[in-house]
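Below is one structure; the comments refer to it alone.
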Amino acid sequence: MVFAAKGSGDLKKEVLDRGLCTACGMCVGMCPYIKTVREKVVVIHPCGLKEGNCYKVCPRTGIDALELDRSVFGEERRDQALGVYEGIYFARAADPAVSRAGQYGGVVTALAAFAVEQGVVGGAVLSGGTVLEPRPVLAKTAQEVISCAGSKYTAVPTLAALNGGAGDSPGSIGVVGRPCQVAAVRKGQVLARRNPETRIPAAGAGLVIGLFCFWSLGPDFYSYLEEKAGGENIVRVDIPVEGLRVTTSGGERVWPVDEIRPYIREACSTCIDPTSEWADLSVGSTEYDPAWNTLVVRSDPGRRLVNSAVEKGVVELKPYPEERLPILRRAVLNKKMRVLHDPDRPRPGYLEAAGGYAGAVKTQWEVLQP
Ligand SMILES: Cc1cc2nc3c(=O)[nH]c(=O)nc-3n(C[C@H](O)[C@H](O)[C@H](O)COP(=O)(O)OP(=O)(O)OC[C@H]3O[C@@H](n4cnc5c(N)ncnc54)[C@H](O)[C@@H]3O)c2cc1C
Ligand code: SF4
Ligand code: SF4
């Protein structure tokens, strides 16, 4: 991976001004002049430096997918849909209070709380707050992790919470994030290894739990949601295939998904990783049974945590139904193909370093076509 010697002016020109910023939050707070305003990342003052880590850590200034594979897993992917993984399951939190609090089976909350409780990590960077006012949280106790349960469908810039020094020492911090955030953390770790004298937030991330994510919504979604809730207290938001499902104190209503498409963030249309391919563990819905999650075990640390959590009765696993695997792989490859091979769109520049990646995706996508 090439870490170009560029600064915040270049970040603004190449990423922010071109609608490519995913609001991962990684650059925010690395410099006093980069802030978020309603989930929009802005450079509030030109610092004038020609070279800065803000540019280097950004997942949209360049990613070498295969180098990240080698860096995290010690091998390159053979599966272009799901990346490197060693096991895939249906899973759920064993404690009904946790699964009730969670978006689906509560696996992310159960595993993150378990990791904090067991001292695997000293804390976890999460998205807390409410669906109308989400915010980055550094949770230090299992109870704080549980209070962050539930999906907020906007791009909460949670990695900003790493900037207080929480993730500096090895293994010190857990991160739960969208795939773009996982990529930012892993890119930061590569940069930190090459420059041990430089302080990079996330350098010491000891556990990375990634979510599945095909798109997130911009902040205008909040006004839309408030209007739909009609002043009632919003208890839960979900976006299954049927549409936007909002549960309020007054009951549950569903709106067609097409109503929220205009709020999809521009950056998501150039994203090629819907399953957090560089996480230790990736977790999504099952698109089938809302009481369970899909859990992808990718790395040795991820495997150790899951085994221990199963042994101690924290999460339950069952085999991933074989007939559903092609459905998941097709959905992921379709998204990658839309980004990489739609003749009407420029191929995302941030992937240019990954030689052969786009071709390999196409080959595996073709195999899955009826
Ligand atoms: C924007 C977005 C889009 C998603 N799209 C899909 C999809 O298309 N298909 C699919 O299968 N799954 C998708 N998911 C993942 C899904 O909604 C659940 O988060 C996942 O299945 C884990 O479920 P759980 O019951 O274990 O979650 P929980 O136990 O409730 O834990 C959820 C965790 O996610 C974190 N979180 C919540 N919102 C955000 C956010 N905006 N950014 C970063 N972290 C956050 C919280 O800190 C919490 O720790 C999406 C999630 C998000 C945030
Ligand atoms: S994608 Fe992340 S690192 Fe890049 S500009 Fe946006 S918030 Fe900063
Ligand atoms: S679709 Fe991609 S860029 Fe958009 S929030 Fe999800 S992981 Fe980030």
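How things are named: the first chain in the structure tokens is A, the next is B, and so on; residues count from 1 in each chain; ligands count from 1 in the order shown.
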Exercise for the section: Kindly work out which residues sit at most 9 Å from ligand 3, using only C-alpha atoms and all ligand atoms, and give the list as number ranges by chain. Expected result: A: 20-24, 153-156, 177-183, 211-217, 264-276
Print the selection's residues with N, CA, C and O atoms to a file, as a compact mmCIF listing (two decimals), in the first residue's frame.
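Ended up saving to out_39.txt:
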# COMPACT_ATOMS: atom_id res chain seq x y z
N LEU A 20 -16.76 11.36 -1.47
CA LEU A 20 -16.25 10.01 -1.23
C LEU A 20 -16.10 9.68 0.25
O LEU A 20 -15.83 8.54 0.63
N CYS A 21 -16.26 10.69 1.11
CA CYS A 21 -16.04 10.46 2.55
C CYS A 21 -17.16 9.58 3.11
O CYS A 21 -18.34 9.84 2.91
N THR A 22 -16.77 8.56 3.84
CA THR A 22 -17.75 7.62 4.41
C THR A 22 -18.13 8.00 5.85
O THR A 22 -18.87 7.29 6.49
N ALA A 23 -17.55 9.11 6.33
CA ALA A 23 -17.76 9.53 7.73
C ALA A 23 -17.35 8.43 8.70
O ALA A 23 -18.02 8.18 9.70
N CYS A 24 -16.24 7.79 8.40
CA CYS A 24 -15.76 6.75 9.32
C CYS A 24 -15.28 7.39 10.62
O CYS A 24 -15.35 6.78 11.68
N TYR A 153 -28.92 3.83 11.40
CA TYR A 153 -28.65 3.61 9.98
C TYR A 153 -27.96 4.78 9.28
O TYR A 153 -27.91 4.84 8.06
N THR A 154 -27.44 5.71 10.06
CA THR A 154 -26.65 6.77 9.45
C THR A 154 -25.17 6.47 9.69
O THR A 154 -24.83 5.52 10.39
N ALA A 155 -24.31 7.30 9.08
CA ALA A 155 -22.87 7.03 9.16
C ALA A 155 -22.28 7.71 10.40
O ALA A 155 -21.64 8.76 10.31
N VAL A 156 -22.49 7.10 11.53
CA VAL A 156 -21.97 7.68 12.78
C VAL A 156 -20.43 7.60 12.73
O VAL A 156 -19.87 6.53 12.52
N GLY A 177 -17.68 -1.59 14.00
CA GLY A 177 -17.91 -0.57 12.98
C GLY A 177 -18.41 -1.12 11.66
O GLY A 177 -18.46 -2.33 11.44
N ARG A 178 -18.77 -0.18 10.80
CA ARG A 178 -19.17 -0.52 9.44
C ARG A 178 -17.91 -0.94 8.67
O ARG A 178 -16.79 -0.64 9.08
N PRO A 179 -18.10 -1.60 7.51
CA PRO A 179 -16.92 -2.07 6.76
C PRO A 179 -15.91 -0.97 6.44
O PRO A 179 -14.69 -1.20 6.51
N CYS A 180 -16.38 0.24 6.12
CA CYS A 180 -15.44 1.32 5.80
C CYS A 180 -14.62 1.69 7.03
O CYS A 180 -13.45 2.09 6.93
N GLN A 181 -15.22 1.53 8.20
CA GLN A 181 -14.49 1.84 9.43
C GLN A 181 -13.46 0.75 9.74
O GLN A 181 -12.35 1.04 10.20
N VAL A 182 -13.84 -0.48 9.46
CA VAL A 182 -12.90 -1.59 9.65
C VAL A 182 -11.69 -1.38 8.74
O VAL A 182 -10.53 -1.53 9.16
N ALA A 183 -11.95 -0.99 7.49
CA ALA A 183 -10.85 -0.75 6.55
C ALA A 183 -9.94 0.37 7.06
O ALA A 183 -8.71 0.27 6.98
N LEU A 211 -19.64 -4.86 10.94
CA LEU A 211 -21.04 -5.12 10.60
C LEU A 211 -21.15 -5.39 9.10
O LEU A 211 -20.27 -5.01 8.34
N PHE A 212 -22.22 -6.02 8.68
CA PHE A 212 -22.55 -6.03 7.26
C PHE A 212 -23.14 -4.64 6.95
O PHE A 212 -23.83 -4.07 7.81
N CYS A 213 -22.91 -4.12 5.78
CA CYS A 213 -23.47 -2.80 5.45
C CYS A 213 -23.45 -2.62 3.95
O CYS A 213 -22.39 -2.62 3.33
N PHE A 214 -24.64 -2.47 3.35
CA PHE A 214 -24.72 -2.24 1.90
C PHE A 214 -24.88 -0.76 1.60
O PHE A 214 -24.63 -0.32 0.51
N TRP A 215 -25.38 0.02 2.53
CA TRP A 215 -25.41 1.48 2.46
C TRP A 215 -25.81 2.07 3.79
O TRP A 215 -26.39 1.40 4.63
N SER A 216 -25.45 3.34 3.97
CA SER A 216 -25.92 4.06 5.16
C SER A 216 -26.57 5.35 4.68
O SER A 216 -26.44 5.73 3.51
N LEU A 217 -27.25 6.01 5.59
CA LEU A 217 -28.07 7.16 5.21
C LEU A 217 -27.44 8.47 5.70
O LEU A 217 -26.75 8.49 6.73
N ILE A 264 -29.49 7.86 0.82
CA ILE A 264 -28.27 7.04 0.84
C ILE A 264 -27.05 7.93 0.58
O ILE A 264 -27.06 8.77 -0.34
N ARG A 265 -26.02 7.74 1.37
CA ARG A 265 -24.82 8.58 1.22
C ARG A 265 -24.13 8.30 -0.10
O ARG A 265 -24.01 7.13 -0.51
N GLU A 266 -23.65 9.36 -0.71
CA GLU A 266 -22.99 9.25 -2.01
C GLU A 266 -21.80 8.27 -1.94
O GLU A 266 -21.58 7.47 -2.84
N ALA A 267 -21.05 8.33 -0.85
CA ALA A 267 -19.84 7.50 -0.73
C ALA A 267 -20.17 6.01 -0.81
O ALA A 267 -19.33 5.20 -1.20
N CYS A 268 -21.38 5.65 -0.42
CA CYS A 268 -21.74 4.22 -0.39
C CYS A 268 -21.85 3.63 -1.79
O CYS A 268 -21.80 2.41 -1.96
N SER A 269 -22.01 4.50 -2.80
CA SER A 269 -22.13 3.98 -4.16
C SER A 269 -20.76 3.58 -4.73
O SER A 269 -20.68 3.01 -5.81
N THR A 270 -19.69 3.88 -4.00
CA THR A 270 -18.37 3.44 -4.47
C THR A 270 -17.73 2.47 -3.48
O THR A 270 -16.51 2.32 -3.44
N CYS A 271 -18.56 1.80 -2.72
CA CYS A 271 -18.05 0.91 -1.66
C CYS A 271 -18.12 -0.55 -2.13
O CYS A 271 -19.15 -0.98 -2.61
N ILE A 272 -17.02 -1.26 -1.96
CA ILE A 272 -16.98 -2.63 -2.48
C ILE A 272 -16.92 -3.69 -1.38
O ILE A 272 -16.67 -4.86 -1.65
N ASP A 273 -17.15 -3.28 -0.15
CA ASP A 273 -17.02 -4.26 0.95
C ASP A 273 -18.27 -4.25 1.82
O ASP A 273 -18.35 -3.51 2.80
N PRO A 274 -19.26 -5.08 1.51
CA PRO A 274 -20.47 -5.07 2.34
C PRO A 274 -20.38 -5.93 3.60
O PRO A 274 -21.30 -5.94 4.40
N THR A 275 -19.29 -6.70 3.79
CA THR A 275 -19.27 -7.63 4.93
C THR A 275 -18.07 -7.44 5.88
O THR A 275 -17.73 -8.34 6.62
N SER A 276 -17.45 -6.28 5.85
CA SER A 276 -16.32 -6.02 6.76
C SER A 276 -15.24 -7.09 6.61
O SER A 276 -14.94 -7.85 7.54
Handout entry: Shell around Gly250 in chain A at 12 Å using only C-alpha atoms, local window under 4 positions removed, as a ChimeraX atom specification
Key = /A:228-236,246
For the residues in that selection, give me N, CA and C atoms as a PDB file, in the first residue's frame.
ATOM      1  N   LYS A 228     -42.071  10.893  10.121  1.00  0.00           N
ATOM      2  CA  LYS A 228     -42.809   9.631  10.041  1.00  0.00           C
ATOM      3  C   LYS A 228     -43.277   9.184  11.422  1.00  0.00           C
ATOM      4  N   ALA A 229     -42.456   9.470  12.448  1.00  0.00           N
ATOM      5  CA  ALA A 229     -42.811   9.036  13.805  1.00  0.00           C
ATOM      6  C   ALA A 229     -43.922   9.906  14.391  1.00  0.00           C
ATOM      7  N   GLY A 230     -44.188  11.025  13.745  1.00  0.00           N
ATOM      8  CA  GLY A 230     -45.296  11.887  14.166  1.00  0.00           C
ATOM      9  C   GLY A 230     -45.210  12.309  15.630  1.00  0.00           C
ATOM     10  N   GLY A 231     -44.020  12.539  16.111  1.00  0.00           N
ATOM     11  CA  GLY A 231     -43.850  13.011  17.493  1.00  0.00           C
ATOM     12  C   GLY A 231     -43.810  11.890  18.524  1.00  0.00           C
ATOM     13  N   GLU A 232     -44.072  10.654  18.074  1.00  0.00           N
ATOM     14  CA  GLU A 232     -44.022   9.539  19.047  1.00  0.00           C
ATOM     15  C   GLU A 232     -42.572   9.133  19.308  1.00  0.00           C
ATOM     16  N   ASN A 233     -42.342   8.534  20.452  1.00  0.00           N
ATOM     17  CA  ASN A 233     -40.995   8.101  20.820  1.00  0.00           C
ATOM     18  C   ASN A 233     -40.565   6.914  19.934  1.00  0.00           C
ATOM     19  N   ILE A 234     -39.409   7.044  19.266  1.00  0.00           N
ATOM     20  CA  ILE A 234     -38.956   5.950  18.384  1.00  0.00           C
ATOM     21  C   ILE A 234     -38.218   4.908  19.209  1.00  0.00           C
ATOM     22  N   VAL A 235     -38.721   3.683  19.151  1.00  0.00           N
ATOM     23  CA  VAL A 235     -38.133   2.610  19.952  1.00  0.00           C
ATOM     24  C   VAL A 235     -37.111   1.836  19.127  1.00  0.00           C
ATOM     25  N   ARG A 236     -37.379   1.684  17.838  1.00  0.00           N
ATOM     26  CA  ARG A 236     -36.524   0.817  17.026  1.00  0.00           C
ATOM     27  C   ARG A 236     -36.727   1.134  15.542  1.00  0.00           C
ATOM     28  N   VAL A 246     -40.506   1.190  11.339  1.00  0.00           N
ATOM     29  CA  VAL A 246     -40.273   2.042  12.502  1.00  0.00           C
ATOM     30  C   VAL A 246     -41.222   1.630  13.622  1.00  0.00           C
TER      31      VAL A 246
END
Problem - Minimum-distance residue to ligand 1, chosen among A:Glu76, A:Asp69, A:Asp258, A:Asp289 (using only C-alpha atoms and all ligand atoms) - result: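 Closest to ligand 1, using only C-alpha atoms and all ligand atoms: A:Asp289.
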Exercise for the section: Could you please determine the separation between atom 1 (S, counted along the ligand's line) of ligand 2 and CA of Pro170 in chain A in Å, to one decimal place? Expected result: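 For atom 1 (S, counted along the ligand's line) of ligand 2 relative to CA of Pro170 in chain A, the distance reads 23.7 Å.
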Exercise for the section: Give me, please, the distance in Å between CA of Gly174 in chain A and CA of Ala101 in chain A, quoted to one decimal. Expected result: 19.8 Å
Exercise for the section: Check every protein, DNA and RNA residue against ligand 2, keep those with an atom at most 7 Å away (counting only C-alpha atoms and all ligand atoms), and present them as a PyMOL selection string. Expected result: chain A and resi 11+15-16+20-28+41+54+57-60+157+184
Would you export the selected residues with C-alpha atoms as a JSON list (two decimals), in the first residue's frame, please?
[["chain", "number", "residue", "atom", "x", "y", "z"],
["A", 11, "LEU", "CA", -7.97, 15.11, 1.66],
["A", 15, "VAL", "CA", -12.23, 12.85, -0.76],
["A", 16, "LEU", "CA", -14.49, 15.37, 0.98],
["A", 20, "LEU", "CA", -16.25, 10.01, -1.23],
["A", 21, "CYS", "CA", -16.04, 10.46, 2.55],
["A", 22, "THR", "CA", -17.75, 7.62, 4.41],
["A", 23, "ALA", "CA", -17.76, 9.53, 7.73],
["A", 24, "CYS", "CA", -15.76, 6.75, 9.32],
["A", 25, "GLY", "CA", -14.35, 9.33, 11.75],
["A", 26, "MET", "CA", -10.75, 8.12, 11.54],
["A", 27, "CYS", "CA", -9.23, 11.48, 10.52],
["A", 28, "VAL", "CA", -11.48, 13.46, 12.86],
["A", 41, "VAL", "CA", -16.62, 15.71, 7.92],
["A", 54, "CYS", "CA", -5.18, 12.36, 8.15],
["A", 57, "VAL", "CA", -5.29, 6.74, 7.24],
["A", 58, "CYS", "CA", -8.33, 7.62, 5.12],
["A", 59, "PRO", "CA", -9.84, 4.48, 3.55],
["A", 60, "ARG", "CA", -10.77, 6.53, 0.49],
["A", 157, "PRO", "CA", -18.28, 8.76, 12.74],
["A", 184, "ALA", "CA", -9.74, 2.54, 8.14]]
Practice task
Just the strand (DSSP E or B) stuff from range 264-364 of chain A, please, per backbone DSSP, written as a PyMOL selection string.
Solution key: chain A and resi 264+281-284+293-297+315-319
Residue selection dump (N, CA and C atoms) as a compact mmCIF listing (two decimals), in the first residue's frame:
# COMPACT_ATOMS: atom_id res chain seq x y z
N ILE A 264 -29.49 7.86 0.82
CA ILE A 264 -28.27 7.04 0.84
C ILE A 264 -27.05 7.93 0.58
N LEU A 281 -14.25 -10.54 13.25
CA LEU A 281 -15.56 -11.18 13.17
C LEU A 281 -16.49 -10.24 12.42
N SER A 282 -17.30 -10.77 11.52
CA SER A 282 -18.28 -9.93 10.83
C SER A 282 -19.68 -10.42 11.19
N VAL A 283 -20.58 -9.46 11.40
CA VAL A 283 -21.92 -9.84 11.84
C VAL A 283 -22.97 -9.08 11.03
N GLY A 284 -23.98 -9.81 10.56
CA GLY A 284 -25.07 -9.19 9.82
C GLY A 284 -26.38 -9.85 10.19
N ASN A 293 -28.35 -13.86 14.03
CA ASN A 293 -27.42 -13.11 13.16
C ASN A 293 -26.66 -14.08 12.29
N THR A 294 -26.12 -13.55 11.21
CA THR A 294 -25.06 -14.26 10.48
C THR A 294 -23.74 -13.85 11.14
N LEU A 295 -22.92 -14.82 11.48
CA LEU A 295 -21.62 -14.54 12.11
C LEU A 295 -20.53 -15.17 11.24
N VAL A 296 -19.59 -14.33 10.79
CA VAL A 296 -18.45 -14.82 10.01
C VAL A 296 -17.21 -14.73 10.88
N VAL A 297 -16.57 -15.87 11.08
CA VAL A 297 -15.34 -15.90 11.89
C VAL A 297 -14.17 -15.85 10.91
N VAL A 315 -22.91 -16.85 23.82
CA VAL A 315 -23.60 -16.89 22.50
C VAL A 315 -23.87 -18.34 22.10
N GLU A 316 -24.90 -18.49 21.27
CA GLU A 316 -25.23 -19.81 20.72
C GLU A 316 -24.96 -19.78 19.22
N LEU A 317 -24.46 -20.89 18.70
CA LEU A 317 -24.21 -21.01 17.25
C LEU A 317 -25.01 -22.15 16.68
N LYS A 318 -25.37 -22.04 15.41
CA LYS A 318 -25.86 -23.21 14.67
C LYS A 318 -25.33 -23.10 13.24
N PRO A 319 -25.29 -24.21 12.51
CA PRO A 319 -24.67 -24.16 11.18
C PRO A 319 -25.39 -23.16 10.26
Exercise for the section: One decimal, Å: what's the distance from CA of Ala4 in chain A over to CA of Leu191 in chain A, could you say? Expected result: 11.2 Å
Exercise for the section: Name the closest residue to ligand 1 among the candidates A:Val43, A:Ile260, A:Val306, A:Leu138; distances are taken between atoms, counting only C-alpha atoms and all ligand atoms. Expected result: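 Of A:Val43, A:Ile260, A:Val306, A:Leu138, the one nearest ligand 1 is A:Leu138, counting only C-alpha atoms and all ligand atoms.
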Exercise for the section: From a DSSP pass on the backbone, collect the residues of range 93-195 of chain A flagged as helix (DSSP H, G or I) and hand them back as a PyMOL selection string. Expected result: chain A and resi 96-101+107-117+142-147+158-164+179-194
Problem - Residue contacts of range 342-357 of chain A (9 Å, only C-alpha atoms) excluding same-chain residues fewer than 2 positions away, as a list of chain:residue names - result: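 Surrounding residues, per the criterion: A:Met1, A:Val2, A:Pro59, A:Arg60, A:Thr61, A:Gly62, A:Ile63, A:Asp64, A:Ala65, A:Leu66, A:Glu67, A:Gln80, A:Thr270, A:Cys271, A:Met337, A:Arg338, A:Val339, A:Leu340, A:Gly359, A:Ala360, A:Val361, A:Lys362.
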Exercise for the section: Find the residue from A:Pro136, A:Gly48, A:Pro96, A:Pro326 that sits nearest to ligand 1; use only C-alpha atoms and all ligand atoms when measuring. Expected result: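 Nearest to ligand 1: A:Pro136.
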Practice task
Compile the contact shell of Ala93 in chain A as a PyMOL selection string: residues with an atom at most 7 Å away, counting only C-alpha atoms, same-chain residues fewer than 5 positions apart removed.
Solution key: chain A and resi 98-99+105-107+110+314-316
Dump of C-alpha atoms for the selected residues, as a compact mmCIF listing (two decimals), in the first residue's frame:
# COMPACT_ATOMS: atom_id res chain seq x y z
CA VAL A 98 -29.16 -8.89 25.32
CA SER A 99 -30.85 -10.33 22.24
CA GLY A 105 -29.74 -11.72 17.73
CA GLY A 106 -27.61 -9.28 19.75
CA VAL A 107 -24.40 -11.13 18.86
CA ALA A 110 -22.92 -10.03 23.54
CA VAL A 314 -22.70 -16.17 26.14
CA VAL A 315 -23.60 -16.89 22.50
CA GLU A 316 -25.23 -19.81 20.72
